[in-house]
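Report on one structure; see the data block that follows.
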Amino acid sequence: MAKPEKAIVIGSGIAGIAASIRLAVMGLNVTVYEANDYPGGKLTSFSENGFRFDAGPSLFTMPLLVDQLFEVSELNPRNFFRYKEVDTICHYFYNDGTVIKAYSDKEKLRDEVNQQIGGYGEEVINYLSDCAKTYNLTSGIFLEKSLHRLGSYLSKDTLKALVRLNTLNLRSTMNEVNEKKIGHEKLVQLFNRYATYNGSSPYLAPGVLTLIPHLEFNLGTFFPDDGMHSITTSLVNLAESRGVDFVYNSKVEKINVIGRKVKGVQVKGEQVEADIVVSNMDIVPTYRHLLPELKQPRQVLEQERSSSAIIFYWGVDRQFPELDLHNIFFSQDYKQEFNFIFREHDLFEDPTIYVHISSKYCEGDAPPGKENWFVMINAPGNVGQDWDKLIDLSRERIIQKLSKILDIDLQSHIESESVLDPRTIEANTSSFRGSLYGASSNHWLSAFVRHPNFHRKIKGLYFCGGSVHPGGGIPLSILSGKIVSELVQNDFRI
Ligand SMILES: Cc1cc2nc3c(=O)[nH]c(=O)nc-3n(C[C@H](O)[C@H](O)[C@H](O)COP(=O)(O)OP(=O)(O)OC[C@H]3O[C@@H](n4cnc5c(N)ncnc54)[C@H](O)[C@@H]3O)c2cc1C
């Protein structure tokens, strides 16, 4: 079999960058075509009136996956990308005035829960140990390999996981598992929130997703010294140092296929040949726009999308010592909030608000004495709602709720504002409906319906990113790039 020489990656999202590094390390000549004039897709940043904002992700788990990209390139990651573990995972605020500080230290966490809730500290510790078991049992099969190749099922670990599938709470919802294991309403809400880490509803998503708190509480939450965007910039530098060519302002228009083989792409009207094409574009527009002549995988394309979001980037003219790097202000009725998002495609009147303040950690992100607030509420995907109206309504509701809980007139402290919404997320990254995480996990079979990282019939055609296996979020997107490189290695016997 002829060794492939040239690979094209469509899109420089985090998964596309990760795939490009691994393919370059394997000796391929790699070009990344990016529609925007900047890399990173959702993982990007901007500055305004002296404030710097990470535009998308703010929670950083499993940094080792970033480190591995330096290590496979035979470089010490610490010379290029630095981060620290965060002591307090999140400050949780409830409408009745309760505040829980979720410490990463287990003893402190147990004491805090006992103090704020009047017990249940031990239940939380036991619950987190169950989350670890679920993660350890499933990560090998659901996250780290192609779920769609027979070879993935033949390892000892995978067979062990398959035998114990019945213990994974696939048929119970996350909320049911949390109610059973923790009991206290406020703590159930706290741990239900982890369904939103892949844009799903805890009242629909399977209990196996209780593996997610394990990432934060047991493996740790981290923050890059130079902000989230430095994940993108350091990896693009790494890719370029390995010879990857990034071509910006270059939207790929078509993936060329002849017979059962990929032949390259059409970009700006020109045909560019390649032995391997990896699409990091959302799987829905990839099929609809780049592969319109191929049979469309109906089930994948119709899979329910994850939630989207409305984000206000506020420059705030004072500091708030009661707030931390990550803060959540919960809705009084969480179930209704998710009903509104996934069933009504609308916003609930009392939203859960996430406030991320990177200047708590990176001082230069805001002028002295001020803070950069990333204020996000979960929102339905874009199906043509009147977003201008919903943004105005959300701003009003958020300001009212935060002003009440923090006992201030928040509006008078906002000195600059930018907004991101499902329409602009879709326009900036091609994510279908502006979903943050590709397909939702609102069904116990969702993981199996997600598109594989390869095309079953077209040799040389691969897929990575949040909309395909193993799913959305930075860690899984990076893993998808790794799976693609392993598939290429296997398929072409490199
Ligand atoms: C507001 C927000 C908050 C989030 N919070 C978190 C968080 O805290 N933690 C976390 O882990 N994850 C978070 N996520 C999710 C995370 O950002 C994504 O899952 C991840 O970044 C997806 O990466 P990706 O590789 O799929 O590519 P994307 O970021 O979707 O980028 C795709 C790239 O492909 C390019 N492209 C598309 N079509 C073409 C084409 N035809 N030709 C050329 N280029 C093309 C796009 O321009 C884009 O640059 C958040 C996302 C958002 C939007």
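Residue numbering restarts at 1 in every chain; chains get A, B, ... in the order shown in the structure tokens, and ligands count up from 1 in that same order.
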
Cut-off 7 Å, only C-alpha atoms and all ligand atoms, neighbours of ligand 1 as a PyMOL selection string:
chain A and resi 10-16+33-36+39-43+55-60+250-253+280-282+309+311+425+428-431+436-437+464-467+472-475+477

*Secondary structure check, helix (DSSP H, G or I) residues of range 24-191 of chain A, as a PyMOL selection string*: chain A and resi 24-25+64-72+77-79+106-117+121-143+150-154+156-163+165-168+174-181+185-191

Closest atom pairs, residues of range 52-128 of chain A within 10 Å of range 356-369 of chain A, only C-alpha atoms, as a Markdown table:
| residue | atom | partner | partner_atom | distance |
| --- | --- | --- | --- | --- |
| A:Arg52 | CA | A:Asp365 | CA | 4.8 |
| A:Phe53 | CA | A:Asp365 | CA | 7.2 |
| A:Asp54 | CA | A:Ser358 | CA | 8.2 |
| A:Ser58 | CA | A:His356 | CA | 7.2 |
| A:Leu59 | CA | A:His356 | CA | 9.1 |
| A:Lys84 | CA | A:Tyr361 | CA | 9.8 |
| A:Val86 | CA | A:Tyr361 | CA | 9.4 |
| A:Cys90 | CA | A:His356 | CA | 9.5 |

Kindly save the residues from that selection, with C-alpha atoms included, as a CSV table (one decimal), in the first residue's frame.
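Listing of part_16.csv after writing:
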chain,number,residue,atom,x,y,z
A,52,ARG,CA,-9.3,40.6,27.6
A,53,PHE,CA,-11.9,37.9,27.3
A,54,ASP,CA,-11.6,34.2,26.4
A,58,SER,CA,-13.3,28.6,30.4
A,59,LEU,CA,-13.2,25.3,32.2
A,84,LYS,CA,-2.0,25.7,37.5
A,86,VAL,CA,-7.3,25.6,40.8
A,90,CYS,CA,-16.6,26.8,41.7

**Message:** Need to verify the contact set: range 112-125 of chain A, 8 Å, only C-alpha atoms, exclusion of same-chain residues closer than 6 positions in sequence. Can you return it as a PyMOL selection string?
**Reply:** chain A and resi 98-102+106+181-182+184

Selection export as a compact mmCIF listing (two decimals), in the first residue's frame, atoms kept: C-alpha atoms:
# COMPACT_ATOMS: atom_id res chain seq x y z
CA THR A 98 -26.94 29.57 50.44
CA VAL A 99 -23.39 29.60 49.06
CA ILE A 100 -21.32 26.43 48.64
CA LYS A 101 -17.64 26.68 47.79
CA ALA A 102 -16.68 23.51 45.91
CA LYS A 106 -11.79 16.53 49.76
CA LYS A 181 -26.97 8.72 45.68
CA ILE A 182 -26.94 12.19 47.24
CA HIS A 184 -30.16 16.69 49.22

Could you list, as a PDB file with C-alpha atoms, in the first residue's frame, every residue within 10 Å of Arg82 in chain A, counting only C-alpha atoms and ignoring same-chain residues fewer than 2 positions away?
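Result went into around01.pdb, see below:
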ATOM      1  CA  PRO A  63      -4.447  19.214  30.653  1.00  0.00           C
ATOM      2  CA  ASP A  67       0.834  18.055  27.215  1.00  0.00           C
ATOM      3  CA  PRO A  77       5.345  21.029  27.414  1.00  0.00           C
ATOM      4  CA  ARG A  78       6.412  23.192  30.356  1.00  0.00           C
ATOM      5  CA  ASN A  79       8.695  25.198  28.085  1.00  0.00           C
ATOM      6  CA  PHE A  80       5.719  26.219  25.943  1.00  0.00           C
ATOM      7  CA  LYS A  84      -1.965  25.718  37.514  1.00  0.00           C
ATOM      8  CA  PHE A 223      -6.285  27.216  34.375  1.00  0.00           C
ATOM      9  CA  PRO A 224      -3.594  28.210  31.859  1.00  0.00           C
ATOM     10  CA  ASP A 225      -1.221  30.953  33.061  1.00  0.00           C
ATOM     11  CA  ASP A 226      -1.994  33.026  29.964  1.00  0.00           C
ATOM     12  CA  GLY A 227      -5.722  32.275  29.752  1.00  0.00           C
ATOM     13  CA  SER A 230      -3.048  30.053  25.135  1.00  0.00           C
ATOM     14  CA  ILE A 231      -4.113  26.428  24.562  1.00  0.00           C
ATOM     15  CA  SER A 234       0.741  27.307  22.018  1.00  0.00           C
TER      16      SER A 234
END
